[in-house]
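Visitor: File name start_27.tsv; file contents TSV, N, CA and C atoms; full text below.
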```tsv
chain	number	residue	atom	x	y	z
O	1	ASP	N	78.80	291.60	30.48
O	1	ASP	CA	79.57	292.57	29.71
O	1	ASP	C	79.73	292.07	28.29
O	2	VAL	N	79.67	292.99	27.34
O	2	VAL	CA	79.82	292.68	25.93
O	2	VAL	C	81.11	293.31	25.44
O	3	ARG	N	81.94	292.48	24.89
O	3	ARG	CA	83.22	292.93	24.34
O	3	ARG	C	83.20	292.67	22.84
O	4	PRO	N	83.87	293.51	22.05
O	4	PRO	CA	83.78	293.39	20.60
O	4	PRO	C	84.55	292.21	20.01
O	5	CYS	N	85.41	291.58	20.80
O	5	CYS	CA	86.16	290.45	20.24
O	5	CYS	C	86.69	289.57	21.37
O	6	SER	N	87.12	288.40	21.00
O	6	SER	CA	87.63	287.47	22.00
O	6	SER	C	89.02	287.86	22.50
O	7	MET	N	89.69	288.74	21.79
O	7	MET	CA	91.04	289.15	22.19
O	7	MET	C	91.00	290.22	23.28
O	8	SER	N	89.85	290.80	23.50
O	8	SER	CA	89.71	291.85	24.50
O	8	SER	C	89.01	291.26	25.72
O	9	THR	N	89.80	290.84	26.68
O	9	THR	CA	89.24	290.21	27.87
O	9	THR	C	89.29	291.15	29.07
O	10	ILE	N	88.61	290.77	30.10
O	10	ILE	CA	88.52	291.61	31.31
O	10	ILE	C	89.90	291.88	31.90
O	11	ASN	N	90.80	290.93	31.83
O	11	ASN	CA	92.09	291.06	32.51
O	11	ASN	C	93.15	291.80	31.70
O	12	GLU	N	92.85	292.18	30.47
O	12	GLU	CA	93.84	292.88	29.65
O	12	GLU	C	93.77	294.38	29.90
O	13	PRO	N	94.92	295.02	30.01
O	13	PRO	CA	94.91	296.48	30.10
O	13	PRO	C	94.33	297.06	28.81
O	14	GLY	N	93.48	298.04	28.93
O	14	GLY	CA	92.90	298.66	27.75
O	14	GLY	C	91.82	297.83	27.10
O	15	ALA	N	91.29	296.82	27.79
O	15	ALA	CA	90.26	295.95	27.22
O	15	ALA	C	89.06	296.78	26.78
O	16	LEU	N	88.51	296.41	25.67
O	16	LEU	CA	87.38	297.14	25.10
O	16	LEU	C	86.07	296.63	25.69
O	17	LEU	N	85.16	297.53	25.93
O	17	LEU	CA	83.87	297.17	26.50
O	17	LEU	C	82.77	297.95	25.79
O	18	LEU	N	81.83	297.22	25.16
O	18	LEU	CA	80.70	297.89	24.52
O	18	LEU	C	79.63	298.25	25.53
O	19	GLY	N	79.48	297.44	26.56
O	19	GLY	CA	78.49	297.73	27.59
O	19	GLY	C	78.03	296.45	28.25
O	20	ASN	N	76.91	296.57	28.96
O	20	ASN	CA	76.39	295.45	29.73
O	20	ASN	C	74.96	295.16	29.30
O	21	LEU	N	74.65	293.89	29.08
O	21	LEU	CA	73.33	293.49	28.60
O	21	LEU	C	72.24	293.66	29.65
O	22	GLN	N	72.59	293.85	30.89
O	22	GLN	CA	71.58	294.13	31.91
O	22	GLN	C	71.17	295.59	31.87
O	23	GLU	N	71.98	296.41	31.19
O	23	GLU	CA	71.70	297.84	31.12
O	23	GLU	C	71.17	298.27	29.76
O	24	ARG	N	71.61	297.60	28.69
O	24	ARG	CA	71.21	297.96	27.33
O	24	ARG	C	71.08	296.69	26.50
O	25	SER	N	70.26	296.75	25.46
O	25	SER	CA	70.08	295.59	24.59
O	25	SER	C	71.29	295.43	23.67
O	26	LEU	N	71.46	294.23	23.14
O	26	LEU	CA	72.56	293.99	22.21
O	26	LEU	C	72.48	294.89	20.98
O	27	PRO	N	71.29	295.07	20.36
O	27	PRO	CA	71.23	296.01	19.24
O	27	PRO	C	71.63	297.43	19.63
O	28	ASP	N	71.25	297.86	20.83
O	28	ASP	CA	71.66	299.19	21.29
O	28	ASP	C	73.17	299.29	21.42
O	29	LEU	N	73.79	298.25	21.97
O	29	LEU	CA	75.25	298.25	22.11
O	29	LEU	C	75.92	298.23	20.75
O	30	TRP	N	75.43	297.38	19.84
O	30	TRP	CA	76.01	297.26	18.50
O	30	TRP	C	75.90	298.56	17.73
O	31	ASN	N	74.80	299.28	17.90
O	31	ASN	CA	74.56	300.51	17.16
O	31	ASN	C	75.00	301.77	17.90
O	32	SER	N	75.67	301.60	19.02
O	32	SER	CA	76.12	302.76	19.80
O	32	SER	C	77.18	303.55	19.03
O	33	ALA	N	77.33	304.80	19.41
O	33	ALA	CA	78.35	305.65	18.77
O	33	ALA	C	79.74	305.04	18.96
O	34	TYR	N	79.99	304.48	20.14
O	34	TYR	CA	81.29	303.87	20.40
O	34	TYR	C	81.55	302.70	19.45
O	35	ALA	N	80.55	301.84	19.26
O	35	ALA	CA	80.72	300.68	18.36
O	35	ALA	C	80.93	301.14	16.92
O	36	HIS	N	80.22	302.18	16.50
O	36	HIS	CA	80.41	302.71	15.14
O	36	HIS	C	81.83	303.26	14.96
O	37	ARG	N	82.30	304.02	15.97
O	37	ARG	CA	83.67	304.56	15.89
O	37	ARG	C	84.70	303.43	15.86
O	38	LEU	N	84.47	302.41	16.66
O	38	LEU	CA	85.40	301.27	16.70
O	38	LEU	C	85.44	300.56	15.34
O	39	ARG	N	84.28	300.29	14.76
O	39	ARG	CA	84.26	299.63	13.44
O	39	ARG	C	84.93	300.49	12.38
O	40	LYS	N	84.68	301.79	12.42
O	40	LYS	CA	85.30	302.70	11.45
O	40	LYS	C	86.82	302.68	11.61
O	41	ALA	N	87.30	302.72	12.84
O	41	ALA	CA	88.74	302.69	13.10
O	41	ALA	C	89.35	301.38	12.61
O	42	LEU	N	88.67	300.27	12.85
O	42	LEU	CA	89.19	298.98	12.42
O	42	LEU	C	89.22	298.85	10.91
O	43	LEU	N	88.23	299.40	10.24
O	43	LEU	CA	88.19	299.34	8.77
O	43	LEU	C	89.23	300.26	8.14
O	44	SER	N	89.42	301.44	8.73
O	44	SER	CA	90.34	302.42	8.14
O	44	SER	C	91.77	302.26	8.63
O	45	GLY	N	91.94	301.67	9.82
O	45	GLY	CA	93.27	301.57	10.40
O	45	GLY	C	93.70	302.83	11.11
O	46	GLU	N	92.82	303.83	11.15
O	46	GLU	CA	93.14	305.10	11.80
O	46	GLU	C	92.39	305.23	13.11
O	47	GLY	N	93.10	305.59	14.17
O	47	GLY	CA	92.49	305.81	15.46
O	47	GLY	C	92.09	304.54	16.19
O	48	MET	N	92.74	303.44	15.84
O	48	MET	CA	92.42	302.18	16.51
O	48	MET	C	92.86	302.23	17.96
O	49	PRO	N	92.12	301.55	18.84
O	49	PRO	CA	92.58	301.43	20.23
O	49	PRO	C	93.92	300.70	20.27
O	50	ASP	N	94.74	301.01	21.25
O	50	ASP	CA	96.06	300.38	21.37
O	50	ASP	C	95.98	298.87	21.36
O	51	ILE	N	94.99	298.32	22.04
O	51	ILE	CA	94.89	296.86	22.12
O	51	ILE	C	94.69	296.24	20.73
O	52	CYS	N	94.10	296.98	19.80
O	52	CYS	CA	93.84	296.48	18.44
O	52	CYS	C	95.08	296.60	17.54
O	53	CYS	N	95.91	297.56	17.82
O	53	CYS	CA	97.07	297.81	16.95
O	53	CYS	C	98.02	296.62	16.88
O	54	HIS	N	98.11	295.86	17.94
O	54	HIS	CA	99.05	294.74	17.99
O	54	HIS	C	98.35	293.39	17.99
O	55	CYS	N	97.10	293.40	17.63
O	55	CYS	CA	96.30	292.18	17.66
O	55	CYS	C	96.67	291.25	16.51
O	56	PRO	N	96.93	289.97	16.81
O	56	PRO	CA	97.26	289.03	15.73
O	56	PRO	C	96.11	288.80	14.76
O	57	MET	N	94.88	289.07	15.18
O	57	MET	CA	93.74	288.89	14.30
O	57	MET	C	93.66	289.98	13.24
O	58	ARG	N	94.37	291.09	13.43
O	58	ARG	CA	94.37	292.17	12.43
O	58	ARG	C	95.02	291.72	11.14
O	59	ALA	N	95.74	290.63	11.16
O	59	ALA	CA	96.35	290.12	9.94
O	59	ALA	C	95.29	289.62	8.96
O	60	PHE	N	94.10	289.32	9.47
O	60	PHE	CA	93.02	288.87	8.61
O	60	PHE	C	92.32	290.07	8.00
O	61	ASP	N	91.77	289.89	6.82
O	61	ASP	CA	91.07	290.95	6.12
O	61	ASP	C	89.67	291.12	6.71
O	62	LEU	N	89.42	292.23	7.39
O	62	LEU	CA	88.14	292.46	8.03
O	62	LEU	C	87.01	292.48	6.99
O	63	GLU	N	87.24	293.07	5.84
O	63	GLU	CA	86.21	293.12	4.80
O	63	GLU	C	85.78	291.72	4.38
O	64	ALA	N	86.71	290.78	4.41
O	64	ALA	CA	86.37	289.40	4.01
O	64	ALA	C	85.43	288.76	5.01
O	65	HIS	N	85.35	289.29	6.21
O	65	HIS	CA	84.49	288.72	7.24
O	65	HIS	C	83.18	289.48	7.42
O	66	ILE	N	83.03	290.62	6.75
O	66	ILE	CA	81.81	291.42	6.89
O	66	ILE	C	80.59	290.62	6.47
O	67	HIS	N	80.74	289.71	5.50
O	67	HIS	CA	79.61	288.91	5.03
O	67	HIS	C	78.95	288.11	6.15
O	68	LEU	N	79.66	287.87	7.22
O	68	LEU	CA	79.09	287.12	8.33
O	68	LEU	C	77.91	287.84	8.96
O	69	PHE	N	77.83	289.16	8.75
O	69	PHE	CA	76.76	289.95	9.33
O	69	PHE	C	75.67	290.26	8.31
O	70	GLY	N	75.76	289.69	7.11
O	70	GLY	CA	74.78	289.97	6.07
O	70	GLY	C	73.64	288.98	6.09
O	71	ASP	N	72.68	289.21	5.18
O	71	ASP	CA	71.56	288.28	5.07
O	71	ASP	C	71.93	287.16	4.10
O	72	ALA	N	70.96	286.34	3.74
O	72	ALA	CA	71.21	285.18	2.89
O	72	ALA	C	71.72	285.57	1.50
O	73	ASP	N	71.40	286.78	1.05
O	73	ASP	CA	71.86	287.25	-0.25
O	73	ASP	C	73.22	287.93	-0.19
O	74	GLY	N	73.81	287.96	1.00
O	74	GLY	CA	75.12	288.58	1.16
O	74	GLY	C	75.06	290.07	1.37
O	75	ARG	N	73.85	290.63	1.42
O	75	ARG	CA	73.73	292.07	1.66
O	75	ARG	C	73.92	292.33	3.14
O	76	SER	N	74.70	293.32	3.45
O	76	SER	CA	74.97	293.61	4.86
O	76	SER	C	73.79	294.37	5.46
O	77	GLU	N	73.28	293.83	6.57
O	77	GLU	CA	72.26	294.53	7.34
O	77	GLU	C	72.91	295.23	8.52
O	78	THR	N	74.19	295.06	8.64
O	78	THR	CA	74.94	295.64	9.74
O	78	THR	C	75.19	297.11	9.44
O	79	PRO	N	74.91	297.99	10.39
O	79	PRO	CA	75.23	299.41	10.17
O	79	PRO	C	76.72	299.56	9.91
O	80	ARG	N	77.03	300.20	8.82
O	80	ARG	CA	78.43	300.43	8.47
O	80	ARG	C	78.87	301.75	9.05
O	81	PRO	N	80.15	301.87	9.38
O	81	PRO	CA	80.63	303.14	9.94
O	81	PRO	C	80.54	304.25	8.93
```
Represent the structure of the file as structure tokens.

Guide:
Amino acid sequence: DVRPCSMSTINEPGALLLGNLQERSLPDLWNSAYAHRLRKALLSGEGMPDICCHCPMRAFDLEAHIHLFGDADGRSETPRP
């Protein structure tokens, strides 16, 4: 199972699940409509899942971490919402 973050575990109510790697590839899961909606909600703060609303990691600036998904020049190759 692929979850979008370490704060969303199997045992938590409302845990987020992108899918299963035995059923779909990681790029397919990352580029799924659900993953796009989740990223858009996290960036905008609107329509976030309940589990994300109270997450202590939300205190960090998500935009400051987007560079982690970019190439060596800092350009994002990650599909943006």

Visitor: Which residues, written as a VMD selection string, have at least one atom at most 5 Å from segment 16-22 of chain O, with only N, CA and C atoms counted and residues fewer than 6 positions away on the same chain left out?

Guide: chain O and resid 1 to 3 8

Visitor: Rounded to one decimal in Å, what is the spacing between atom C of Glu23 of chain O and atom C of Asp50 of chain O?

Guide: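 According to the coordinates, atom C of Glu23 of chain O and atom C of Asp50 of chain O are separated by 26.2 Å.
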
Visitor: Find the distance between atom C of Ser25 of chain O and atom CA of Pro56 of chain O and write it in Å to one decimal.

Guide: 27.9 Å

Visitor: Can you work out the spacing between atom N of Gly45 of chain O and atom N of Thr9 of chain O in Å, to one decimal?

Guide: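 Atom N of Thr9 of chain O lies 20.2 Å from atom N of Gly45 of chain O.
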